[in-house]
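As provided, coords_5.txt (compact mmCIF, C-alpha atoms) reads as follows.
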# COMPACT_ATOMS: atom_id res chain seq x y z
CA MET A 1 -7.26 -36.92 -9.80
CA SER A 2 -4.51 -37.89 -7.35
CA GLU A 3 -2.08 -38.15 -10.27
CA TYR A 4 -2.98 -34.59 -11.35
CA ILE A 5 -2.44 -33.31 -7.80
CA ASP A 6 0.90 -35.12 -7.59
CA ASN A 7 1.99 -33.64 -10.93
CA GLN A 8 0.94 -30.13 -9.84
CA SER A 9 2.77 -30.51 -6.55
CA LYS A 10 5.88 -31.71 -8.36
CA ARG A 11 5.63 -28.80 -10.81
CA GLU A 12 5.35 -26.23 -8.02
CA GLU A 13 8.32 -27.76 -6.20
CA GLN A 14 10.35 -27.48 -9.41
CA LEU A 15 9.34 -23.82 -9.81
CA LYS A 16 10.22 -23.10 -6.17
CA ALA A 17 13.58 -24.73 -6.75
CA ILE A 18 14.18 -22.36 -9.67
CA ILE A 19 13.50 -19.34 -7.42
CA ARG A 20 15.78 -20.74 -4.70
CA ARG A 21 18.60 -21.22 -7.21
CA LEU A 22 18.04 -17.68 -8.45
CA HIS A 23 18.47 -16.43 -4.86
CA GLU A 24 21.64 -18.51 -4.57
CA GLY A 25 23.14 -16.66 -7.54
CA THR A 26 22.44 -18.85 -10.58
CA ALA A 27 22.26 -16.71 -13.71
CA THR A 28 18.81 -16.02 -15.12
CA SER A 29 19.88 -17.06 -18.62
CA ASP A 30 21.11 -20.43 -17.32
CA LEU A 31 17.80 -21.13 -15.56
CA VAL A 32 15.75 -20.11 -18.60
CA ALA A 33 17.82 -22.41 -20.82
CA GLU A 34 17.70 -25.34 -18.39
CA PHE A 35 13.95 -25.12 -17.67
CA ALA A 36 12.67 -23.72 -20.98
CA GLU A 37 9.86 -26.25 -21.35
CA LEU A 38 8.67 -25.90 -17.76
CA LEU A 39 8.73 -22.08 -17.92
CA GLU A 40 6.87 -21.88 -21.21
CA ASP A 41 3.34 -21.87 -19.75
CA VAL A 42 3.74 -20.54 -16.19
CA GLY A 43 0.77 -18.35 -15.28
CA PRO A 44 0.59 -15.36 -12.94
CA ASP A 45 -1.38 -17.32 -10.36
CA GLU A 46 1.34 -19.93 -10.20
CA ILE A 47 3.99 -17.28 -9.60
CA VAL A 48 1.88 -15.82 -6.79
CA ARG A 49 1.43 -19.24 -5.17
CA ILE A 50 5.15 -19.96 -5.42
CA GLU A 51 6.16 -16.69 -3.76
CA GLU A 52 3.48 -17.17 -1.07
CA ALA A 53 4.74 -20.70 -0.39
CA LEU A 54 8.34 -19.52 -0.09
CA VAL A 55 7.27 -16.83 2.42
CA ASP A 56 5.28 -19.44 4.37
CA GLU A 57 8.41 -21.61 4.45
CA GLY A 58 10.36 -18.80 6.10
CA LEU A 59 11.78 -16.70 3.27
CA ASP A 60 11.73 -13.06 4.37
CA PRO A 61 9.69 -10.86 1.95
CA GLU A 62 12.52 -8.32 2.13
CA GLN A 63 14.83 -11.00 0.68
CA ILE A 64 12.43 -11.50 -2.21
CA GLN A 65 12.09 -7.79 -2.98
CA PRO A 66 15.59 -7.15 -4.45
CA LEU A 67 15.23 -10.24 -6.68
CA CYS A 68 11.64 -9.62 -7.71
CA ASP A 69 12.71 -8.26 -11.11
CA LEU A 70 14.72 -11.43 -11.74
CA HIS A 71 11.69 -13.57 -10.88
CA VAL A 72 9.76 -11.74 -13.58
CA GLU A 73 12.64 -12.06 -16.04
CA VAL A 74 12.74 -15.84 -15.56
CA PHE A 75 9.00 -16.14 -16.25
CA LYS A 76 8.77 -13.31 -18.81
CA THR A 77 8.27 -15.45 -21.93
CA SER A 78 5.19 -17.03 -20.41
CA LEU A 79 3.88 -13.81 -18.85
CA ASP A 80 4.09 -11.93 -22.16
CA LYS A 81 1.46 -14.32 -23.54
CA GLN A 82 -1.14 -13.26 -20.96
CA GLN A 83 -4.09 -11.21 -22.15
CA ALA A 84 -4.55 -7.69 -20.78
CA PRO A 85 -6.65 -7.81 -17.59
CA GLU A 86 -10.12 -6.21 -17.36
CA THR A 87 -10.99 -3.74 -20.09
CA THR A 88 -14.35 -2.45 -18.83
CA PRO A 89 -14.36 1.23 -17.75
CA GLY A 90 -15.42 1.55 -14.13
CA HIS A 91 -13.83 -1.68 -12.93
CA PRO A 92 -11.05 -0.92 -10.39
CA ILE A 93 -8.50 -2.79 -12.51
CA PHE A 94 -9.38 -0.62 -15.52
CA THR A 95 -8.84 2.47 -13.33
CA TYR A 96 -5.48 1.19 -12.08
CA ARG A 97 -4.40 0.57 -15.67
CA ALA A 98 -5.62 4.00 -16.80
CA GLU A 99 -3.47 5.55 -14.07
CA ASN A 100 -0.53 3.56 -15.39
CA TYR A 101 -1.04 5.05 -18.85
CA GLY A 102 -1.11 8.47 -17.16
CA VAL A 103 2.11 7.96 -15.23
CA GLU A 104 3.79 6.74 -18.41
CA ARG A 105 3.04 10.14 -20.00
CA VAL A 106 4.52 11.92 -16.96
CA LEU A 107 7.64 9.73 -17.08
CA ARG A 108 8.18 10.53 -20.76
CA GLN A 109 7.85 14.23 -19.99
CA LEU A 110 10.38 13.89 -17.17
CA GLU A 111 12.84 12.03 -19.40
CA GLU A 112 12.49 14.53 -22.26
CA THR A 113 12.89 17.52 -19.95
CA ALA A 114 15.97 15.97 -18.30
CA VAL A 115 17.58 15.51 -21.76
CA ALA A 116 16.73 19.09 -22.73
CA TYR A 117 18.22 20.36 -19.45
CA ALA A 118 21.43 18.39 -20.00
CA THR A 119 21.74 19.93 -23.49
CA ALA A 120 20.96 23.52 -22.50
CA PRO A 121 20.45 24.08 -18.75
CA SER A 122 18.11 26.90 -17.82
CA GLU A 123 16.12 28.05 -14.83
CA ALA A 124 12.90 27.54 -16.79
CA LEU A 125 13.75 23.89 -17.49
CA GLN A 126 14.76 23.38 -13.88
CA ASP A 127 11.36 24.71 -12.79
CA LYS A 128 9.71 22.36 -15.29
CA LEU A 129 11.67 19.42 -13.87
CA ARG A 130 10.54 20.27 -10.34
CA ALA A 131 6.93 20.57 -11.48
CA THR A 132 7.10 17.24 -13.32
CA VAL A 133 8.50 15.41 -10.29
CA GLU A 134 5.73 16.97 -8.20
CA LYS A 135 3.20 15.76 -10.76
CA LEU A 136 4.76 12.32 -10.56
CA THR A 137 4.16 12.11 -6.80
CA VAL A 138 0.40 12.30 -7.45
CA TYR A 139 0.82 8.68 -8.60
CA ASP A 140 1.25 7.79 -4.92
CA ARG A 141 -2.56 7.59 -4.75
CA HIS A 142 -2.31 4.56 -7.04
CA TYR A 143 -0.02 2.84 -4.56
CA LEU A 144 -2.10 3.91 -1.56
CA ARG A 145 -5.23 2.35 -3.05
CA LYS A 146 -3.31 -0.85 -3.72
CA GLU A 147 -1.97 -0.97 -0.15
CA ASN A 148 -5.17 -0.01 1.67
CA LEU A 149 -7.81 -1.56 -0.58
CA LEU A 150 -6.61 -4.16 -3.06
CA PHE A 151 -4.08 -5.76 -0.70
CA SER A 152 -6.63 -5.76 2.15
CA PHE A 153 -9.16 -7.74 0.12
CA LEU A 154 -6.51 -10.07 -1.29
CA GLU A 155 -5.23 -10.91 2.19
CA ARG A 156 -8.67 -12.30 3.03
CA THR A 157 -8.10 -14.88 0.28
CA GLY A 158 -4.70 -15.87 1.66
CA PHE A 159 -2.73 -13.63 -0.72
CA ALA A 160 -0.12 -11.87 1.45
CA GLY A 161 3.50 -12.55 0.47
CA PRO A 162 3.50 -10.85 -2.96
CA SER A 163 1.65 -7.82 -1.60
CA LYS A 164 4.31 -7.32 1.08
CA VAL A 165 7.01 -7.48 -1.57
CA MET A 166 5.19 -4.92 -3.74
CA TRP A 167 4.64 -2.56 -0.79
CA GLY A 168 8.40 -2.60 -0.19
CA VAL A 169 9.00 -1.63 -3.82
CA HIS A 170 6.42 1.18 -3.53
CA ASN A 171 8.43 2.62 -0.65
CA ASP A 172 11.64 2.39 -2.68
CA ILE A 173 9.98 4.38 -5.47
CA ARG A 174 8.66 6.95 -2.97
CA ALA A 175 12.18 7.35 -1.63
CA MET A 176 13.49 7.90 -5.18
CA TRP A 177 11.15 10.77 -6.04
CA LYS A 178 11.66 12.31 -2.61
CA ALA A 179 15.44 12.18 -3.14
CA MET A 180 15.02 13.75 -6.57
CA GLY A 181 13.14 16.66 -5.03
CA ALA A 182 15.99 17.16 -2.56
CA LEU A 183 18.46 16.99 -5.44
CA PHE A 184 17.08 20.19 -6.98
CA ASP A 185 17.59 22.03 -3.70
CA ALA A 186 21.13 20.72 -3.27
CA LEU A 187 22.39 21.32 -6.83
CA ALA A 188 20.18 24.17 -8.09
CA SER A 189 23.20 26.45 -8.52
CA ASP A 190 25.35 23.81 -10.29
CA PRO A 191 23.63 22.92 -13.60
CA GLY A 192 26.39 20.56 -14.72
CA ALA A 193 26.30 18.45 -11.56
CA LEU A 194 22.50 18.48 -11.54
CA ALA A 195 22.30 17.30 -15.17
CA SER A 196 24.78 14.49 -14.45
CA GLU A 197 22.86 13.30 -11.39
CA LEU A 198 19.51 13.53 -13.18
CA ASP A 199 20.68 11.23 -15.95
CA SER A 200 21.01 8.23 -13.63
CA ARG A 201 18.27 9.18 -11.14
CA VAL A 202 15.58 9.62 -13.80
CA ALA A 203 16.53 6.34 -15.48
CA GLU A 204 16.41 4.47 -12.16
CA LEU A 205 13.05 5.93 -11.15
CA ALA A 206 11.43 5.38 -14.54
CA SER A 207 12.69 1.80 -14.66
CA ALA A 208 11.33 1.03 -11.17
CA ILE A 209 7.87 2.42 -11.97
CA ARG A 210 7.66 0.66 -15.34
CA ASP A 211 8.81 -2.64 -13.85
CA MET A 212 6.05 -2.38 -11.24
CA ILE A 213 3.48 -1.65 -13.97
CA TYR A 214 4.58 -4.84 -15.75
CA LYS A 215 4.18 -6.85 -12.53
CA GLU A 216 0.75 -5.37 -11.96
CA ASP A 217 -0.46 -6.18 -15.48
CA HIS A 218 1.04 -9.65 -15.70
CA ILE A 219 0.95 -10.95 -12.12
CA LEU A 220 -1.02 -8.89 -9.59
CA PHE A 221 -4.12 -7.95 -11.58
CA PRO A 222 -4.73 -11.41 -13.15
CA ALA A 223 -4.27 -13.02 -9.72
CA ALA A 224 -6.66 -10.51 -8.14
CA LEU A 225 -9.31 -11.05 -10.81
CA LYS A 226 -9.15 -14.77 -10.16
CA ARG A 227 -9.47 -14.41 -6.38
CA LEU A 228 -11.90 -11.53 -5.75
CA THR A 229 -15.66 -11.44 -6.23
CA ASP A 230 -17.78 -8.75 -7.84
CA ALA A 231 -18.83 -7.68 -4.34
CA ASP A 232 -15.16 -7.23 -3.43
CA TRP A 233 -14.50 -5.14 -6.55
CA LYS A 234 -17.56 -3.00 -5.86
CA ALA A 235 -16.32 -2.32 -2.31
CA ILE A 236 -12.87 -1.43 -3.66
CA ARG A 237 -14.42 1.00 -6.15
CA ASP A 238 -16.76 2.53 -3.55
CA GLN A 239 -13.92 3.15 -1.10
CA GLY A 240 -11.46 4.48 -3.68
CA ASP A 241 -12.77 8.05 -3.52
CA GLU A 242 -11.59 8.29 0.09
CA ILE A 243 -7.98 8.00 -1.06
CA GLY A 244 -8.22 9.58 -4.48
CA TYR A 245 -6.93 8.86 -7.98
CA ALA A 246 -3.99 9.80 -10.20
CA TYR A 247 -4.51 11.17 -13.72
CA ALA A 248 -7.80 9.26 -14.21
CA LEU A 249 -11.23 8.95 -12.60
CA PRO A 250 -13.28 5.74 -12.48
CA GLY A 251 -16.20 5.44 -14.88
CA ARG A 252 -19.44 3.60 -14.20
CA GLY A 253 -19.53 1.28 -17.22
CA TRP A 254 -18.75 -1.77 -15.13
CA GLN A 255 -21.44 -2.96 -12.75
CA PRO A 256 -21.28 -6.01 -10.46
CA THR A 257 -23.20 -9.00 -11.78
CA SER A 258 -24.84 -9.71 -8.44
CA GLN A 259 -26.12 -7.51 -5.64
CA PRO A 260 -25.78 -8.33 -1.92
CA ASP A 261 -28.67 -10.29 -0.48
CA ALA A 262 -31.03 -7.76 1.10
CA GLU A 263 -32.11 -10.33 3.69
CA ALA A 264 -28.60 -11.35 4.69
CA THR A 265 -27.72 -11.32 8.38
CA PRO A 266 -26.54 -7.81 9.31
CA SER A 267 -22.91 -7.34 10.27
CA PRO A 268 -22.06 -6.19 13.83
CA ALA A 269 -21.45 -2.68 12.45
CA GLN A 270 -24.85 -2.68 10.72
CA ALA A 271 -26.54 -3.93 13.86
CA LEU A 272 -24.90 -1.19 15.91
CA THR A 273 -25.94 1.44 13.37
CA ALA A 274 -29.53 0.26 13.62
CA ASN A 275 -29.41 0.99 17.36
CA ALA A 276 -27.27 4.10 17.13
CA GLY A 277 -29.53 6.05 19.51
CA ALA A 278 -29.37 3.54 22.37
CA LEU A 279 -27.21 4.61 25.31
CA ILE A 280 -24.02 2.65 25.96
CA PRO A 281 -22.96 2.54 29.64
CA LEU A 282 -19.40 3.84 30.11
CA SER A 283 -17.18 4.06 33.19
CA THR A 284 -18.50 7.59 33.77
CA GLY A 285 -21.86 8.33 32.18
CA ALA A 286 -23.41 6.90 29.03
CA LEU A 287 -23.36 7.90 25.36
CA SER A 288 -25.10 6.68 22.25
CA ALA A 289 -23.15 5.23 19.32
CA ASP A 290 -24.02 8.38 17.36
CA GLN A 291 -22.59 10.61 20.09
CA ILE A 292 -19.40 8.56 20.40
CA ASP A 293 -18.91 8.64 16.63
CA LEU A 294 -19.48 12.42 16.46
CA MET A 295 -17.05 13.04 19.30
CA LEU A 296 -14.29 10.85 17.87
CA LYS A 297 -14.64 12.40 14.41
CA ALA A 298 -14.50 15.91 15.90
CA LEU A 299 -11.29 15.36 17.87
CA PRO A 300 -8.19 17.00 16.30
CA VAL A 301 -6.45 13.61 16.27
CA ASP A 302 -6.61 10.33 14.34
CA VAL A 303 -7.56 7.41 16.60
CA THR A 304 -7.17 3.75 15.63
CA TYR A 305 -8.08 0.75 17.77
CA VAL A 306 -6.32 -2.60 17.33
CA ASP A 307 -7.77 -5.47 19.38
CA GLU A 308 -5.92 -8.02 21.49
CA ASN A 309 -5.63 -10.28 18.42
CA ASP A 310 -3.81 -7.56 16.44
CA ARG A 311 -6.83 -6.87 14.21
CA VAL A 312 -7.81 -3.32 13.25
CA GLN A 313 -11.34 -2.81 14.58
CA TYR A 314 -11.81 0.95 14.26
CA PHE A 315 -10.32 4.19 12.98
CA SER A 316 -11.76 7.67 13.30
CA GLN A 317 -12.59 9.57 10.13
CA SER A 318 -11.65 12.93 11.61
CA ARG A 319 -11.43 16.17 9.65
CA GLU A 320 -7.68 16.42 10.25
CA ARG A 321 -6.63 13.14 8.65
CA ILE A 322 -2.89 12.55 8.50
CA PHE A 323 -2.48 9.02 7.14
CA GLN A 324 -4.79 7.59 4.50
CA ARG A 325 -7.05 4.75 5.60
CA ALA A 326 -10.05 3.04 4.04
CA PRO A 327 -12.82 0.90 5.60
CA ALA A 328 -11.28 -2.15 3.91
CA ILE A 329 -8.64 -2.30 6.67
CA ILE A 330 -11.26 -3.16 9.31
CA GLY A 331 -10.52 -6.70 10.41
CA ARG A 332 -7.08 -6.63 8.79
CA SER A 333 -3.98 -7.73 10.67
CA VAL A 334 -2.24 -4.54 11.82
CA GLN A 335 1.08 -6.01 10.71
CA ASN A 336 -0.23 -6.02 7.14
CA CYS A 337 -1.22 -2.34 7.43
CA HIS A 338 2.44 -1.32 7.59
CA PRO A 339 5.20 -1.55 4.98
CA PRO A 340 7.64 -4.46 5.42
CA GLN A 341 10.39 -2.08 6.56
CA SER A 342 8.50 -1.10 9.72
CA VAL A 343 6.69 -4.31 10.65
CA ASP A 344 9.45 -5.36 13.05
CA LYS A 345 8.98 -2.15 15.08
CA VAL A 346 5.20 -2.61 15.19
CA GLN A 347 5.60 -6.23 16.28
CA ARG A 348 8.05 -5.30 19.04
CA ILE A 349 5.62 -2.71 20.45
CA LEU A 350 2.72 -5.20 20.43
CA ASP A 351 4.87 -7.92 22.00
CA ASP A 352 5.98 -5.53 24.76
CA PHE A 353 2.39 -4.40 25.38
CA ARG A 354 1.19 -7.98 25.55
CA ALA A 355 4.02 -8.95 27.91
CA GLY A 356 3.36 -5.93 30.14
CA THR A 357 6.89 -4.55 29.78
CA ARG A 358 5.75 -1.36 28.05
CA ASP A 359 2.59 0.77 28.26
CA GLU A 360 3.31 3.45 25.65
CA ALA A 361 5.49 4.10 22.62
CA ALA A 362 5.80 7.47 20.90
CA PHE A 363 7.36 8.68 17.64
CA TRP A 364 7.45 12.04 15.88
CA ILE A 365 8.31 12.87 12.29
CA GLN A 366 8.49 15.90 9.98
CA MET A 367 6.11 15.40 7.06
CA GLY A 368 5.01 17.95 4.48
CA GLY A 369 5.15 20.92 6.84
CA MET A 370 3.55 18.95 9.67
CA PHE A 371 5.13 17.83 12.93
CA VAL A 372 3.40 14.47 13.30
CA HIS A 373 3.25 12.90 16.75
CA ILE A 374 2.32 9.19 16.84
CA ARG A 375 1.53 7.57 20.15
CA TYR A 376 0.71 3.91 20.81
CA ILE A 377 -1.07 3.19 24.10
CA ALA A 378 -1.65 -0.26 25.61
CA LEU A 379 -5.26 -0.85 26.72
CA ARG A 380 -5.78 -3.06 29.77
CA ASP A 381 -8.67 -4.24 31.93
CA ASP A 382 -8.78 -3.35 35.62
CA ASP A 383 -7.03 -6.65 36.31
CA GLY A 384 -4.25 -5.80 33.85
CA THR A 385 -5.34 -8.08 31.01
CA TYR A 386 -4.18 -6.73 27.65
CA ARG A 387 -7.20 -5.74 25.50
CA GLY A 388 -5.57 -4.03 22.56
CA THR A 389 -3.78 -0.89 21.43
CA ALA A 390 -4.90 2.67 20.69
CA GLU A 391 -2.91 4.62 18.13
CA VAL A 392 -3.29 8.40 18.43
CA THR A 393 -1.80 10.58 15.70
CA GLN A 394 -1.75 14.39 15.72
CA ASN A 395 -0.15 17.24 13.82
CA LEU A 396 1.51 19.29 16.56
CA ALA A 397 2.91 22.00 14.29
CA PRO A 398 0.13 24.55 15.10
CA LEU A 399 0.54 23.92 18.84
CA ARG A 400 4.32 24.24 18.73
CA ALA A 401 3.93 27.63 17.04
CA LEU A 402 1.84 29.10 19.88
CA GLU A 403 3.34 31.91 21.95
CA GLY A 404 2.19 34.02 24.86
CA GLU A 405 -1.41 33.65 26.02
CA ARG A 406 -4.94 33.94 24.71
CA ARG A 407 -7.60 34.38 27.40
CA LEU A 408 -10.43 35.87 25.31
CA LEU A 409 -12.47 34.41 22.49
CA ASP A 410 -11.64 35.87 19.09
CA ASP A 411 -14.62 37.23 17.11
Final structure tokens representation of the file:
Amino acid sequence: MSEYIDNQSKREEQLKAIIRRLHEGTATSDLVAEFAELLEDVGPDEIVRIEEALVDEGLDPEQIQPLCDLHVEVFKTSLDKQQAPETTPGHPIFTYRAENYGVERVLRQLEETAVAYATAPSEALQDKLRATVEKLTVYDRHYLRKENLLFSFLERTGFAGPSKVMWGVHNDIRAMWKAMGALFDALASDPGALASELDSRVAELASAIRDMIYKEDHILFPAALKRLTDADWKAIRDQGDEIGYAYALPGRGWQPTSQPDAEATPSPAQALTANAGALIPLSTGALSADQIDLMLKALPVDVTYVDENDRVQYFSQSRERIFQRAPAIIGRSVQNCHPPQSVDKVQRILDDFRAGTRDEAAFWIQMGGMFVHIRYIALRDDDGTYRGTAEVTQNLAPLRALEGERRLLDD
């Protein structure tokens, strides 16, 4: 047994060394030729463990992201031998893969329309291009379910590094289709320039999405199927409706093989629900859990509570939701709830709150016709002990548009 462990450890060190050399600039073809025998039977789970180990050893996920495609290229011969993951309708992986077939159809339509526009530009084709890019952005729901659900459950198994890398790529793709939308506005009156720009932009976007699909099928999904239980997959499916789907809806063919134990010890949330009518003493007055929940859901703001250990413990499911969230993030490290590009800002705010050098931090952004105000507030005991952070998010656009006065109730 010890010999097997030693051999596995040696093998993983050799694979990590290949990735390090790739980052140092060694050509992919040279590495494939030099380590052909070793690379022949590398599985997706091994690749995940290698990238996780490199992150644990200090390699920044943002350094991995630009070279992620090269990682796949090095291991491609072995990955191509993997069987397609999960083929039962209703399983979340089947739904993810169905969405990928859907986005492939949209990409082909975009490519064909871009070629037709370059050949014979017309206003009708330009409108079709805009509509196709808009249709493509529906695919964002696929990424949102990965980030908020699949990644959340995988993190509980110790899987974190690869998910951070993928989230960074998602954001790159989002930036590409957003830039393409702006391109139509900028060059609408110059068909020649627009056709020229579209040629490279469409190719870049399509390549990025297809590369991510390959990584999902050959690395992420097999690794997830190996790590997650039927109960996890059922929770992912049950919470998926909150975020929505792209081009496909989940079936009900797949059913978990085991049901939760009915006599299991209730979770704190379940225990609180069972006593939802009991009054909870507050600093002024007392409210039941039901009343608190109703009030928080009715407020025209999103409220999230992160405890002193940086774990998400609550978010309000208000009617005026701005950012997508799913129950799977409860208990998740707040750092993992943000894309890699913004984690440093989140960490700085939390560090300042914890140190007592800052009590609030506010940001505001323009987003889809909304003026979104995001406010982080440090929560402290009477003696000043840091007890966590409240995040309050609100669309201020309707308030900014108010003028004059209104003193009477409208009928």
Which residue is closest to A:Cys337? Choose from A:Trp254, A:Phe151, A:Tyr214, A:Phe353 and count all atoms listed in the file.
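Answer, going by the shortest atom-to-atom distance: A:Phe151.
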Can you measure atom CA of A:Gly244 to atom CA of A:Phe323 for me? One decimal in Å is fine.
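So the answer is 13.0 Å.
Each of A:Asp359, A:Glu111, A:Asp290, A:Glu320 was checked against A:Ser200 using only C-alpha atoms; the smallest atom-to-atom distance is that of A:Glu111.
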Between A:Asp351, A:Leu282, A:Leu399, A:Thr357, which has the minimum distance to A:Pro300 (counting only C-alpha atoms)?
A:Leu399
Could you name the residues that touch A:Arg237 at 12 Å or less, counting all atoms listed in the file, but leaving out those on the same chain fewer than 2 positions away, as a PyMOL selection string?
chain A and resi 89-96+145-146+149-150+153+230-235+239-245+249-252+254-256+326-328
Between A:Asp127, A:Glu155, A:Asp381, A:Asp307, which one has atoms that come closest to A:Ser283, using only C-alpha atoms?
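Of A:Asp127, A:Glu155, A:Asp381, A:Asp307, the one nearest A:Ser283 is A:Asp381, counting only C-alpha atoms.
Closest to A:Lys164 among A:Val343, A:Ala118, A:Met367, A:Leu350 is A:Val343, based on all atoms listed in the file.
For the pair atom CA of A:Ala98 and atom CA of A:Arg141, the interatomic distance is 12.9 Å.
Considering the residues A:His218, A:Arg354, A:Arg108, A:Arg400 and counting only C-alpha atoms, A:Leu129 has its shortest atom-to-atom contact with A:Arg108.
Atom CA of A:Asn148 sits 20.0 Å away from atom CA of A:Val301.
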At a cut-off of 10 Å, using only C-alpha atoms, what residues contact A:Val303? Leave out same-chain residues fewer than 5 positions from it and give the result as a ChimeraX atom specification.
/A:296-297,314-318,321,375-376,390-394
Mind working out the centre and edge lengths of an axis-aligned box for stretch 107-124 of chain A, all listed atoms inside, 8 Å added to each side, rounded to one decimal in Å and written as JSON?
{"center_x": 14.7, "center_y": 18.9, "center_z": -19.2, "size_x": 30.1, "size_y": 34.3, "size_z": 24.7}
